[in-house]
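Below is one structure; the comments refer to it alone.
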Amino acid sequence: MEAHQPVAERPLPPIQQIAITVLVLIVIGGIYTAAHLPRHVPQGPTITLLVAAGVLLGVNIVLLARIEHFAWQAFRLVAGWVLVAYLVIAGMLEYVFVYDNTSGTQLVILSLMLAVFALDIPLLLGFSVARFQDPA
Amino acid sequence: MASIAEPTPAALSTSRPKVTIVPVQGLPIVAVVIVGLVVAIATNSTWALDFYHVAGGGLWTAIDLFLGLVLGPIMGTMSIPSRIELSSRLMPKLLLIMPTIVTMTLGSGFQLARTLGKLSASYPQHGWLVASYIVVGVMAVIALGLLEPANIAVLFELRKPEPNGARIQRLMKVFIYTAGITGLMQVATLVIMTKIATS
């Protein structure tokens, strides 16, 4: 049991918490948009949520990149495959938006929200696994 | 909710099955389901969309309720080797099943509501529809932010030559509690969906 303590107990930045916050912001944006469709969606709140989520995602990537002695191999393995899966899901959602005649600024906002979502989940899952793995 | 006993290294090392993260043999089934969903949306077939939404929603609700309120508490009281054996066989399957049925339920549900004109704010039950978005949103955050990371981390821990028992205990506690919460939230989904369907 002792042999595992260095990996488990070492302090790490709040990457999981920030990733969940990004997810919450994107979900709120999605609910807000869905509640207004098919009418025009007021763009102020969605752009604010998108920008906040994007900034937090950027912060999270920087925090992650600065971790020393991290199990990057495990992170890449998990995050890579999850990214493939979520690109498929995001692609399907994008298809539905276009198919349902969403266009213009609204399509750009939704696409960017999907992009943030598709990057945030792989980062979260990759980190959740790699934090408990021994660095190679 | 049931308490979770502390696993010991000895208990973890006995009769531990080989752990698979993603059951590859299930991927073709997932592909068929997803292609069917795309076809249902592309053709706007009311029957196909309704089938996907009802079948997916029924499975999603039933599995969440069963995992959260029946199997979860039972797992909490099982012996450590039994729990590990069950988890190492159940969790990889859930890794394929849950995202697939969630995608088919939500994708077909939104398109169905659009096709039937129920997305409109003038729809009398629009408030209930928005309530369903909120419930699904909360469940998505719990599932993607807490449940799924714990699920995958347990699987990777179980693949180690010497798994950390305390860590598995912590992660499984997260899994069991979050499965319980999403199970309870599915009751709200049942209320909302039956309200929409009958009005």
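Here, A, B, ... name the chains of the structure tokens in the order displayed, residue numbers run from 1 inside each chain, and ligands are numbered from 1 in the same displayed order.
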**Study point:** Residue neighbourhood A:Leu50, 8 Å, only C-alpha atoms, exclusion window fewer than 3 positions, as a list in words
**Key:**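 Everything that qualifies: Leu25, Ile26, Gly29, Thr46, Ile47, Ala53, Gly54, Ile109, Leu112 and Met113 of chain A.
Excluding stretch 62-67 of chain B itself and any same-chain residue fewer than 2 positions from it, the protein and nucleic acid residues within 8 Å of it, counting only C-alpha atoms, are Gly58, Leu59, Trp60, Leu69, Val70, Leu71, Gly72, Ala179, Gly180, Thr182, Gly183, Leu184 and Gln186 of chain B.
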Produce a file of the selected residues containing C-alpha atoms, as a PDB file, in the first residue's frame.
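Result written to selection_20.pdb:
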```pdb
ATOM      1  CA  GLY B  58     -36.544   2.914 -21.281  1.00  0.00           C
ATOM      2  CA  LEU B  59     -33.175   1.171 -21.192  1.00  0.00           C
ATOM      3  CA  TRP B  60     -31.392   4.235 -19.812  1.00  0.00           C
ATOM      4  CA  LEU B  69     -30.805   1.646  -6.270  1.00  0.00           C
ATOM      5  CA  VAL B  70     -30.363  -2.147  -6.511  1.00  0.00           C
ATOM      6  CA  LEU B  71     -26.931  -3.264  -7.703  1.00  0.00           C
ATOM      7  CA  GLY B  72     -24.963  -0.344  -6.205  1.00  0.00           C
ATOM      8  CA  ALA B 179     -25.065   5.952  -9.777  1.00  0.00           C
ATOM      9  CA  GLY B 180     -27.548   6.313  -6.881  1.00  0.00           C
ATOM     10  CA  THR B 182     -28.612   9.518 -11.299  1.00  0.00           C
ATOM     11  CA  GLY B 183     -30.981   6.657 -10.446  1.00  0.00           C
ATOM     12  CA  LEU B 184     -33.051   8.993  -8.301  1.00  0.00           C
ATOM     13  CA  GLN B 186     -34.433   9.161 -13.434  1.00  0.00           C
TER      14      GLN B 186
END
```
Practice item. Kindly provide, as a PyMOL selection string, the residues of chain A having any atom no farther than 7 Å from an atom of chain B, counting only C-alpha atoms. Key: chain A and resi 1+4+20+23-24+27+31+35+37-38+125+128-129
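Across the structure, atom CA of B:Ile101 and atom CA of B:Gly56 are spaced 5.1 Å apart.
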Check your understanding: So how far away is atom CA of A:Ala90 from atom CA of A:Gly126, in Å?
Key ->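 So the two atoms, atom CA of A:Gly126 and atom CA of A:Ala90, lie 18.2 Å apart.
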Study note, to complete from the structure: atom CA of B:Ser82 sits from atom CA of B:Val22 at a separation of 20.8 Å
Find the spatial neighbours of A:Gln106, counting only C-alpha atoms, within a cut-off of 12 Å - ignore same-chain residues fewer than 4 positions away - and output them as a compact mmCIF listing (two decimals) with C-alpha atoms, in the first residue's frame.
```txt
# COMPACT_ATOMS: atom_id res chain seq x y z
CA GLY A 29 -25.34 26.92 -22.66
CA GLY A 30 -26.85 23.87 -24.32
CA THR A 33 -30.09 27.24 -26.45
CA ALA A 34 -32.40 24.21 -26.59
CA HIS A 36 -35.19 28.80 -27.13
CA LEU A 37 -35.00 26.76 -30.32
CA PRO A 38 -36.34 26.93 -32.98
CA ARG A 39 -36.79 30.65 -32.26
CA HIS A 40 -33.86 33.07 -32.24
CA VAL A 41 -31.58 32.44 -29.29
CA PRO A 42 -30.33 35.57 -27.45
CA GLN A 43 -26.57 35.38 -28.02
CA GLY A 44 -25.22 37.37 -25.07
CA THR A 46 -24.38 31.83 -24.74
CA ILE A 47 -21.32 33.80 -25.86
CA GLU A 94 -23.04 19.13 -35.72
CA PHE A 97 -27.61 21.30 -36.24
CA VAL A 98 -26.87 21.74 -39.95
CA ASN A 101 -31.14 24.52 -40.74
CA THR A 102 -29.17 26.14 -37.93
CA LEU A 110 -22.95 25.82 -31.13
CA SER A 111 -19.97 24.45 -33.06
CA LEU A 112 -17.50 26.15 -30.72
CA MET A 113 -19.43 24.82 -27.70
```
Enumerate, as a CSV table (one decimal) with N, CA and C atoms, in the first residue's frame, the complete set of residues in stretch 3-195 of chain B that a backbone-based DSSP assignment places in alpha helix (DSSP H).
```csv
chain,number,residue,atom,x,y,z
B,9,PRO,N,-4.7,-5.7,0.2
B,9,PRO,CA,-3.9,-6.2,-0.9
B,9,PRO,C,-4.0,-7.7,-1.2
B,10,ALA,N,-4.1,-8.4,-0.1
B,10,ALA,CA,-4.2,-9.9,-0.2
B,10,ALA,C,-5.6,-10.2,-0.9
B,11,ALA,N,-6.6,-9.5,-0.5
B,11,ALA,CA,-7.9,-9.8,-1.1
B,11,ALA,C,-7.9,-9.4,-2.6
B,12,LEU,N,-7.2,-8.3,-2.9
B,12,LEU,CA,-7.2,-7.9,-4.3
B,12,LEU,C,-6.4,-8.8,-5.2
B,13,SER,N,-5.4,-9.5,-4.7
B,13,SER,CA,-4.5,-10.3,-5.5
B,13,SER,C,-5.1,-11.7,-5.8
B,27,LEU,N,-18.3,-3.3,-30.3
B,27,LEU,CA,-18.2,-2.0,-31.1
B,27,LEU,C,-19.1,-2.1,-32.4
B,28,PRO,N,-19.2,-3.3,-33.1
B,28,PRO,CA,-20.0,-3.4,-34.2
B,28,PRO,C,-21.5,-3.1,-33.9
B,29,ILE,N,-21.9,-3.6,-32.7
B,29,ILE,CA,-23.3,-3.4,-32.3
B,29,ILE,C,-23.6,-1.9,-32.1
B,30,VAL,N,-22.6,-1.2,-31.4
B,30,VAL,CA,-22.7,0.2,-31.2
B,30,VAL,C,-22.8,0.9,-32.6
B,31,ALA,N,-21.9,0.5,-33.5
B,31,ALA,CA,-21.9,1.1,-34.9
B,31,ALA,C,-23.3,1.0,-35.5
B,32,VAL,N,-23.9,-0.2,-35.4
B,32,VAL,CA,-25.2,-0.5,-36.1
B,32,VAL,C,-26.3,0.5,-35.4
B,33,VAL,N,-26.2,0.6,-34.1
B,33,VAL,CA,-27.2,1.4,-33.4
B,33,VAL,C,-27.0,2.9,-33.8
B,34,ILE,N,-25.8,3.3,-33.9
B,34,ILE,CA,-25.5,4.8,-34.2
B,34,ILE,C,-25.9,5.0,-35.7
B,35,VAL,N,-25.6,4.1,-36.6
B,35,VAL,CA,-26.0,4.3,-38.0
B,35,VAL,C,-27.5,4.4,-38.1
B,36,GLY,N,-28.2,3.5,-37.4
B,36,GLY,CA,-29.7,3.5,-37.4
B,36,GLY,C,-30.2,4.8,-36.9
B,37,LEU,N,-29.5,5.4,-35.9
B,37,LEU,CA,-30.0,6.7,-35.4
B,37,LEU,C,-29.8,7.8,-36.4
B,38,VAL,N,-28.7,7.8,-37.1
B,38,VAL,CA,-28.4,8.8,-38.2
B,38,VAL,C,-29.5,8.6,-39.3
B,39,VAL,N,-29.8,7.4,-39.6
B,39,VAL,CA,-30.9,7.2,-40.7
B,39,VAL,C,-32.2,7.7,-40.2
B,40,ALA,N,-32.5,7.4,-38.9
B,40,ALA,CA,-33.8,7.9,-38.3
B,40,ALA,C,-33.9,9.4,-38.4
B,41,ILE,N,-32.8,10.0,-38.0
B,41,ILE,CA,-32.8,11.5,-38.0
B,41,ILE,C,-32.9,12.0,-39.5
B,42,ALA,N,-32.1,11.4,-40.4
B,42,ALA,CA,-32.0,11.9,-41.7
B,42,ALA,C,-33.4,11.7,-42.5
B,43,THR,N,-34.1,10.6,-42.2
B,43,THR,CA,-35.4,10.4,-42.8
B,43,THR,C,-36.5,11.1,-42.1
B,46,THR,N,-41.1,9.3,-38.1
B,46,THR,CA,-41.7,9.5,-36.8
B,46,THR,C,-41.6,8.1,-36.0
B,47,TRP,N,-41.9,7.0,-36.7
B,47,TRP,CA,-41.8,5.7,-36.0
B,47,TRP,C,-40.4,5.4,-35.5
B,48,ALA,N,-39.4,5.6,-36.4
B,48,ALA,CA,-38.0,5.3,-36.1
B,48,ALA,C,-37.5,6.2,-34.9
B,49,LEU,N,-37.8,7.5,-35.0
B,49,LEU,CA,-37.4,8.4,-34.0
B,49,LEU,C,-38.1,8.0,-32.6
B,50,ASP,N,-39.4,7.7,-32.7
B,50,ASP,CA,-40.1,7.3,-31.5
B,50,ASP,C,-39.5,6.0,-30.9
B,51,PHE,N,-39.2,5.0,-31.8
B,51,PHE,CA,-38.7,3.8,-31.4
B,51,PHE,C,-37.3,4.0,-30.6
B,52,TYR,N,-36.5,4.8,-31.3
B,52,TYR,CA,-35.1,5.1,-30.7
B,52,TYR,C,-35.3,5.8,-29.3
B,53,HIS,N,-36.2,6.7,-29.3
B,53,HIS,CA,-36.4,7.5,-28.0
B,53,HIS,C,-37.0,6.6,-26.9
B,54,VAL,N,-38.0,5.9,-27.3
B,54,VAL,CA,-38.7,5.1,-26.2
B,54,VAL,C,-37.8,3.9,-25.8
B,55,ALA,N,-37.2,3.2,-26.8
B,55,ALA,CA,-36.3,2.1,-26.4
B,55,ALA,C,-35.1,2.6,-25.7
B,56,GLY,N,-34.4,3.6,-26.2
B,56,GLY,CA,-33.2,4.1,-25.5
B,56,GLY,C,-33.6,4.7,-24.1
B,57,GLY,N,-34.6,5.5,-24.0
B,57,GLY,CA,-35.0,6.1,-22.8
B,57,GLY,C,-35.4,5.0,-21.7
B,58,GLY,N,-36.2,4.0,-22.2
B,58,GLY,CA,-36.5,2.9,-21.3
B,58,GLY,C,-35.3,2.2,-20.7
B,59,LEU,N,-34.4,1.9,-21.6
B,59,LEU,CA,-33.2,1.2,-21.2
B,59,LEU,C,-32.4,2.0,-20.2
B,60,TRP,N,-32.2,3.3,-20.6
B,60,TRP,CA,-31.4,4.2,-19.8
B,60,TRP,C,-32.0,4.3,-18.4
B,61,THR,N,-33.3,4.6,-18.3
B,61,THR,CA,-33.9,4.8,-17.0
B,61,THR,C,-33.8,3.5,-16.2
B,62,ALA,N,-34.1,2.3,-16.9
B,62,ALA,CA,-34.1,1.1,-16.1
B,62,ALA,C,-32.7,0.7,-15.6
B,63,ILE,N,-31.7,0.9,-16.5
B,63,ILE,CA,-30.3,0.6,-16.1
B,63,ILE,C,-29.9,1.5,-14.9
B,64,ASP,N,-30.2,2.8,-15.1
B,64,ASP,CA,-29.8,3.7,-14.0
B,64,ASP,C,-30.4,3.4,-12.7
B,65,LEU,N,-31.7,3.1,-12.7
B,65,LEU,CA,-32.5,2.8,-11.5
B,65,LEU,C,-31.9,1.5,-10.9
B,66,PHE,N,-31.7,0.5,-11.8
B,66,PHE,CA,-31.2,-0.8,-11.3
B,66,PHE,C,-29.8,-0.6,-10.7
B,72,GLY,N,-26.0,-1.2,-6.9
B,72,GLY,CA,-25.0,-0.3,-6.2
B,72,GLY,C,-24.9,-0.7,-4.7
B,73,PRO,N,-26.0,-0.6,-4.0
B,73,PRO,CA,-26.0,-1.0,-2.6
B,73,PRO,C,-25.6,-2.4,-2.4
B,74,ILE,N,-26.0,-3.3,-3.3
B,74,ILE,CA,-25.5,-4.7,-3.1
B,74,ILE,C,-24.0,-4.8,-3.2
B,75,MET,N,-23.4,-4.1,-4.2
B,75,MET,CA,-22.0,-4.1,-4.4
B,75,MET,C,-21.3,-3.6,-3.2
B,76,GLY,N,-21.9,-2.6,-2.5
B,76,GLY,CA,-21.2,-2.0,-1.4
B,76,GLY,C,-21.1,-3.0,-0.2
B,77,THR,N,-21.9,-4.1,-0.2
B,77,THR,CA,-21.9,-5.0,0.9
B,77,THR,C,-21.2,-6.3,0.5
B,80,ILE,N,-14.6,-8.2,-1.1
B,80,ILE,CA,-13.8,-7.4,-2.1
B,80,ILE,C,-13.5,-8.2,-3.3
B,81,PRO,N,-13.1,-9.5,-3.3
B,81,PRO,CA,-12.8,-10.2,-4.5
B,81,PRO,C,-14.1,-10.3,-5.4
B,82,SER,N,-15.2,-10.5,-4.7
B,82,SER,CA,-16.5,-10.6,-5.5
B,82,SER,C,-16.8,-9.3,-6.2
B,83,ARG,N,-16.6,-8.2,-5.5
B,83,ARG,CA,-16.9,-6.9,-6.0
B,83,ARG,C,-16.0,-6.6,-7.2
B,84,ILE,N,-14.7,-7.0,-7.0
B,84,ILE,CA,-13.7,-6.7,-8.1
B,84,ILE,C,-14.1,-7.6,-9.3
B,85,GLU,N,-14.5,-8.8,-9.1
B,85,GLU,CA,-14.8,-9.7,-10.2
B,85,GLU,C,-16.0,-9.1,-11.0
B,86,LEU,N,-17.0,-8.7,-10.2
B,86,LEU,CA,-18.2,-8.2,-10.8
B,86,LEU,C,-17.9,-6.9,-11.6
B,87,SER,N,-17.1,-6.0,-10.9
B,87,SER,CA,-16.8,-4.7,-11.5
B,87,SER,C,-16.0,-4.9,-12.8
B,88,SER,N,-15.0,-5.8,-12.8
B,88,SER,CA,-14.2,-6.0,-13.9
B,88,SER,C,-14.9,-6.6,-15.1
B,89,ARG,N,-16.1,-7.2,-14.9
B,89,ARG,CA,-16.9,-7.7,-16.0
B,89,ARG,C,-18.0,-6.7,-16.4
B,90,LEU,N,-18.5,-6.0,-15.4
B,90,LEU,CA,-19.7,-5.1,-15.6
B,90,LEU,C,-19.2,-3.8,-16.2
B,91,MET,N,-18.2,-3.2,-15.6
B,91,MET,CA,-17.9,-1.8,-16.0
B,91,MET,C,-17.4,-1.6,-17.5
B,92,PRO,N,-16.6,-2.5,-18.0
B,92,PRO,CA,-16.3,-2.4,-19.5
B,92,PRO,C,-17.6,-2.4,-20.3
B,93,LYS,N,-18.5,-3.2,-20.0
B,93,LYS,CA,-19.8,-3.3,-20.8
B,93,LYS,C,-20.5,-1.9,-20.6
B,94,LEU,N,-20.6,-1.4,-19.4
B,94,LEU,CA,-21.3,-0.1,-19.2
B,94,LEU,C,-20.6,1.0,-20.0
B,95,LEU,N,-19.3,0.9,-20.2
B,95,LEU,CA,-18.5,1.9,-20.9
B,95,LEU,C,-19.0,2.0,-22.4
B,96,LEU,N,-19.5,0.9,-22.9
B,96,LEU,CA,-20.1,0.9,-24.3
B,96,LEU,C,-21.6,1.2,-24.2
B,97,ILE,N,-22.3,0.5,-23.3
B,97,ILE,CA,-23.8,0.6,-23.3
B,97,ILE,C,-24.3,2.0,-23.0
B,98,MET,N,-23.8,2.6,-21.9
B,98,MET,CA,-24.4,3.9,-21.5
B,98,MET,C,-24.2,5.0,-22.5
B,99,PRO,N,-23.0,5.3,-23.0
B,99,PRO,CA,-23.0,6.4,-24.0
B,99,PRO,C,-23.8,6.1,-25.2
B,100,THR,N,-23.9,4.8,-25.6
B,100,THR,CA,-24.7,4.5,-26.8
B,100,THR,C,-26.2,4.8,-26.5
B,101,ILE,N,-26.8,4.3,-25.4
B,101,ILE,CA,-28.2,4.5,-25.2
B,101,ILE,C,-28.5,6.0,-24.9
B,102,VAL,N,-27.5,6.7,-24.2
B,102,VAL,CA,-27.8,8.1,-24.0
B,102,VAL,C,-27.8,8.9,-25.3
B,103,THR,N,-26.9,8.6,-26.2
B,103,THR,CA,-26.8,9.2,-27.5
B,103,THR,C,-28.1,8.9,-28.3
B,104,MET,N,-28.6,7.7,-28.3
B,104,MET,CA,-29.8,7.4,-29.1
B,104,MET,C,-31.0,8.0,-28.5
B,105,THR,N,-31.1,8.1,-27.2
B,105,THR,CA,-32.3,8.7,-26.5
B,105,THR,C,-32.3,10.2,-26.8
B,106,LEU,N,-31.2,10.9,-26.5
B,106,LEU,CA,-31.2,12.3,-26.6
B,106,LEU,C,-31.3,12.8,-28.1
B,107,GLY,N,-30.5,12.1,-29.0
B,107,GLY,CA,-30.5,12.5,-30.4
B,107,GLY,C,-31.9,12.3,-31.0
B,108,SER,N,-32.5,11.2,-30.8
B,108,SER,CA,-33.9,10.9,-31.3
B,108,SER,C,-34.9,11.8,-30.7
B,109,GLY,N,-34.8,12.0,-29.4
B,109,GLY,CA,-35.8,12.8,-28.6
B,109,GLY,C,-35.9,14.2,-29.1
B,110,PHE,N,-34.7,14.8,-29.3
B,110,PHE,CA,-34.7,16.2,-29.7
B,110,PHE,C,-35.3,16.3,-31.1
B,111,GLN,N,-34.9,15.4,-32.0
B,111,GLN,CA,-35.4,15.4,-33.4
B,111,GLN,C,-36.9,15.1,-33.4
B,112,LEU,N,-37.3,14.2,-32.5
B,112,LEU,CA,-38.8,13.9,-32.5
B,112,LEU,C,-39.6,15.1,-32.0
B,113,ALA,N,-39.1,15.8,-31.0
B,113,ALA,CA,-39.8,17.0,-30.5
B,113,ALA,C,-39.8,18.0,-31.6
B,114,ARG,N,-38.7,18.2,-32.3
B,114,ARG,CA,-38.7,19.2,-33.4
B,114,ARG,C,-39.7,18.8,-34.5
B,115,THR,N,-39.7,17.5,-34.9
B,115,THR,CA,-40.6,17.0,-35.9
B,115,THR,C,-42.1,17.2,-35.6
B,126,HIS,N,-44.2,23.3,-22.8
B,126,HIS,CA,-42.8,23.7,-23.1
B,126,HIS,C,-42.0,23.7,-21.8
B,127,GLY,N,-42.6,24.2,-20.7
B,127,GLY,CA,-42.0,24.2,-19.4
B,127,GLY,C,-41.5,22.9,-18.9
B,128,TRP,N,-42.3,21.8,-19.2
B,128,TRP,CA,-41.9,20.5,-18.8
B,128,TRP,C,-40.7,20.0,-19.7
B,129,LEU,N,-40.7,20.4,-20.9
B,129,LEU,CA,-39.7,20.0,-21.8
B,129,LEU,C,-38.3,20.6,-21.4
B,130,VAL,N,-38.4,21.9,-21.0
B,130,VAL,CA,-37.2,22.6,-20.5
B,130,VAL,C,-36.7,21.9,-19.2
B,131,ALA,N,-37.7,21.5,-18.3
B,131,ALA,CA,-37.4,20.8,-17.1
B,131,ALA,C,-36.6,19.5,-17.4
B,132,SER,N,-37.0,18.8,-18.5
B,132,SER,CA,-36.3,17.6,-18.9
B,132,SER,C,-34.9,17.9,-19.3
B,133,TYR,N,-34.7,19.0,-20.0
B,133,TYR,CA,-33.3,19.4,-20.4
B,133,TYR,C,-32.5,19.6,-19.2
B,134,ILE,N,-33.1,20.2,-18.2
B,134,ILE,CA,-32.3,20.5,-16.9
B,134,ILE,C,-31.9,19.2,-16.2
B,135,VAL,N,-32.9,18.3,-16.1
B,135,VAL,CA,-32.6,17.0,-15.5
B,135,VAL,C,-31.5,16.2,-16.2
B,136,VAL,N,-31.6,16.2,-17.5
B,136,VAL,CA,-30.6,15.5,-18.4
B,136,VAL,C,-29.3,16.2,-18.2
B,137,GLY,N,-29.3,17.5,-18.2
B,137,GLY,CA,-28.0,18.3,-18.0
B,137,GLY,C,-27.3,17.9,-16.7
B,138,VAL,N,-28.1,17.9,-15.6
B,138,VAL,CA,-27.5,17.6,-14.3
B,138,VAL,C,-27.0,16.1,-14.4
B,139,MET,N,-27.7,15.2,-15.0
B,139,MET,CA,-27.3,13.8,-15.0
B,139,MET,C,-26.0,13.7,-15.9
B,140,ALA,N,-26.0,14.5,-17.0
B,140,ALA,CA,-24.8,14.5,-17.8
B,140,ALA,C,-23.5,14.9,-17.1
B,141,VAL,N,-23.7,16.0,-16.3
B,141,VAL,CA,-22.5,16.5,-15.5
B,141,VAL,C,-22.1,15.5,-14.5
B,142,ILE,N,-23.0,14.8,-13.8
B,142,ILE,CA,-22.7,13.8,-12.8
B,142,ILE,C,-22.0,12.6,-13.5
B,148,GLU,N,-18.1,8.5,-14.8
B,148,GLU,CA,-17.3,7.9,-15.9
B,148,GLU,C,-15.8,7.9,-15.5
B,149,PRO,N,-15.3,9.1,-15.0
B,149,PRO,CA,-13.8,9.1,-14.6
B,149,PRO,C,-13.5,8.0,-13.5
B,150,ALA,N,-14.4,7.9,-12.6
B,150,ALA,CA,-14.2,6.9,-11.5
B,150,ALA,C,-14.3,5.5,-12.1
B,151,ASN,N,-15.2,5.3,-13.0
B,151,ASN,CA,-15.3,4.0,-13.7
B,151,ASN,C,-14.0,3.6,-14.4
B,152,ILE,N,-13.5,4.5,-15.2
B,152,ILE,CA,-12.3,4.2,-16.0
B,152,ILE,C,-11.1,4.1,-15.1
B,153,ALA,N,-11.0,4.9,-14.1
B,153,ALA,CA,-9.9,4.9,-13.2
B,153,ALA,C,-9.8,3.5,-12.4
B,154,VAL,N,-11.0,3.0,-12.1
B,154,VAL,CA,-11.0,1.7,-11.4
B,154,VAL,C,-10.5,0.6,-12.3
B,155,LEU,N,-11.0,0.7,-13.6
B,155,LEU,CA,-10.5,-0.4,-14.5
B,155,LEU,C,-9.0,-0.3,-14.7
B,156,PHE,N,-8.5,0.9,-14.8
B,156,PHE,CA,-7.0,0.9,-15.0
B,156,PHE,C,-6.3,0.5,-13.8
B,157,GLU,N,-6.8,0.8,-12.6
B,157,GLU,CA,-6.2,0.4,-11.3
B,157,GLU,C,-6.2,-1.2,-11.2
B,158,LEU,N,-7.3,-1.8,-11.7
B,158,LEU,CA,-7.4,-3.2,-11.6
B,158,LEU,C,-6.5,-3.9,-12.6
B,165,GLY,N,-5.8,-0.9,-3.0
B,165,GLY,CA,-7.1,-1.1,-2.5
B,165,GLY,C,-7.8,0.1,-2.0
B,166,ALA,N,-7.1,1.0,-1.3
B,166,ALA,CA,-7.8,2.2,-0.8
B,166,ALA,C,-8.3,3.1,-1.9
B,167,ARG,N,-7.5,3.1,-3.0
B,167,ARG,CA,-7.9,3.9,-4.1
B,167,ARG,C,-9.1,3.4,-4.8
B,168,ILE,N,-9.1,2.1,-4.9
B,168,ILE,CA,-10.3,1.4,-5.6
B,168,ILE,C,-11.5,1.7,-4.7
B,169,GLN,N,-11.3,1.6,-3.4
B,169,GLN,CA,-12.5,1.8,-2.5
B,169,GLN,C,-13.0,3.2,-2.7
B,170,ARG,N,-12.1,4.2,-2.7
B,170,ARG,CA,-12.6,5.6,-2.9
B,170,ARG,C,-13.3,5.8,-4.2
B,171,LEU,N,-12.7,5.3,-5.3
B,171,LEU,CA,-13.3,5.4,-6.6
B,171,LEU,C,-14.6,4.7,-6.7
B,172,MET,N,-14.7,3.6,-6.1
B,172,MET,CA,-16.0,2.8,-6.2
B,172,MET,C,-17.1,3.5,-5.4
B,173,LYS,N,-16.6,4.1,-4.3
B,173,LYS,CA,-17.6,4.9,-3.5
B,173,LYS,C,-18.2,6.0,-4.4
B,174,VAL,N,-17.4,6.7,-5.1
B,174,VAL,CA,-17.8,7.7,-6.0
B,174,VAL,C,-18.8,7.1,-7.0
B,175,PHE,N,-18.4,6.0,-7.6
B,175,PHE,CA,-19.2,5.4,-8.6
B,175,PHE,C,-20.6,5.0,-8.1
B,176,ILE,N,-20.6,4.4,-6.9
B,176,ILE,CA,-21.9,3.9,-6.3
B,176,ILE,C,-22.8,5.0,-5.9
B,177,TYR,N,-22.2,6.1,-5.3
B,177,TYR,CA,-23.0,7.2,-4.9
B,177,TYR,C,-23.6,8.0,-6.1
B,178,THR,N,-22.7,8.2,-7.1
B,178,THR,CA,-23.2,9.0,-8.3
B,178,THR,C,-24.3,8.1,-9.1
B,179,ALA,N,-24.1,6.8,-9.1
B,179,ALA,CA,-25.1,6.0,-9.8
B,179,ALA,C,-26.4,6.1,-9.0
B,180,GLY,N,-26.3,6.2,-7.7
B,180,GLY,CA,-27.5,6.3,-6.9
B,180,GLY,C,-28.3,7.6,-7.2
B,181,ILE,N,-27.5,8.7,-7.3
B,181,ILE,CA,-28.1,10.0,-7.6
B,181,ILE,C,-28.7,10.0,-8.9
B,182,THR,N,-28.0,9.5,-10.0
B,182,THR,CA,-28.6,9.5,-11.3
B,182,THR,C,-29.8,8.6,-11.3
B,183,GLY,N,-29.8,7.5,-10.6
B,183,GLY,CA,-31.0,6.7,-10.4
B,183,GLY,C,-32.2,7.4,-9.9
B,184,LEU,N,-32.0,8.2,-8.9
B,184,LEU,CA,-33.1,9.0,-8.3
B,184,LEU,C,-33.5,10.1,-9.3
B,185,MET,N,-32.6,10.7,-10.0
B,185,MET,CA,-33.0,11.7,-11.0
B,185,MET,C,-33.8,11.1,-12.1
B,186,GLN,N,-33.6,9.8,-12.4
B,186,GLN,CA,-34.4,9.2,-13.4
B,186,GLN,C,-35.9,9.1,-13.0
B,187,VAL,N,-36.2,9.1,-11.7
B,187,VAL,CA,-37.6,9.2,-11.3
B,187,VAL,C,-38.2,10.5,-11.8
B,188,ALA,N,-37.4,11.6,-11.7
B,188,ALA,CA,-37.9,12.9,-12.2
B,188,ALA,C,-38.2,12.8,-13.7
B,189,THR,N,-37.3,12.1,-14.4
B,189,THR,CA,-37.4,11.9,-15.9
B,189,THR,C,-38.7,11.2,-16.2
B,190,LEU,N,-39.0,10.2,-15.4
B,190,LEU,CA,-40.2,9.4,-15.6
B,190,LEU,C,-41.5,10.3,-15.4
B,191,VAL,N,-41.5,11.1,-14.4
B,191,VAL,CA,-42.6,12.0,-14.1
B,191,VAL,C,-42.8,13.0,-15.3
B,192,ILE,N,-41.7,13.6,-15.7
B,192,ILE,CA,-41.7,14.6,-16.8
B,192,ILE,C,-42.2,14.0,-18.1
B,193,MET,N,-41.6,12.8,-18.5
B,193,MET,CA,-41.9,12.2,-19.8
B,193,MET,C,-43.4,11.7,-19.8
B,194,THR,N,-43.9,11.1,-18.7
B,194,THR,CA,-45.2,10.7,-18.7
B,194,THR,C,-46.2,11.9,-18.8
B,195,LYS,N,-45.8,13.0,-18.2
B,195,LYS,CA,-46.6,14.2,-18.2
B,195,LYS,C,-46.7,14.7,-19.6
```
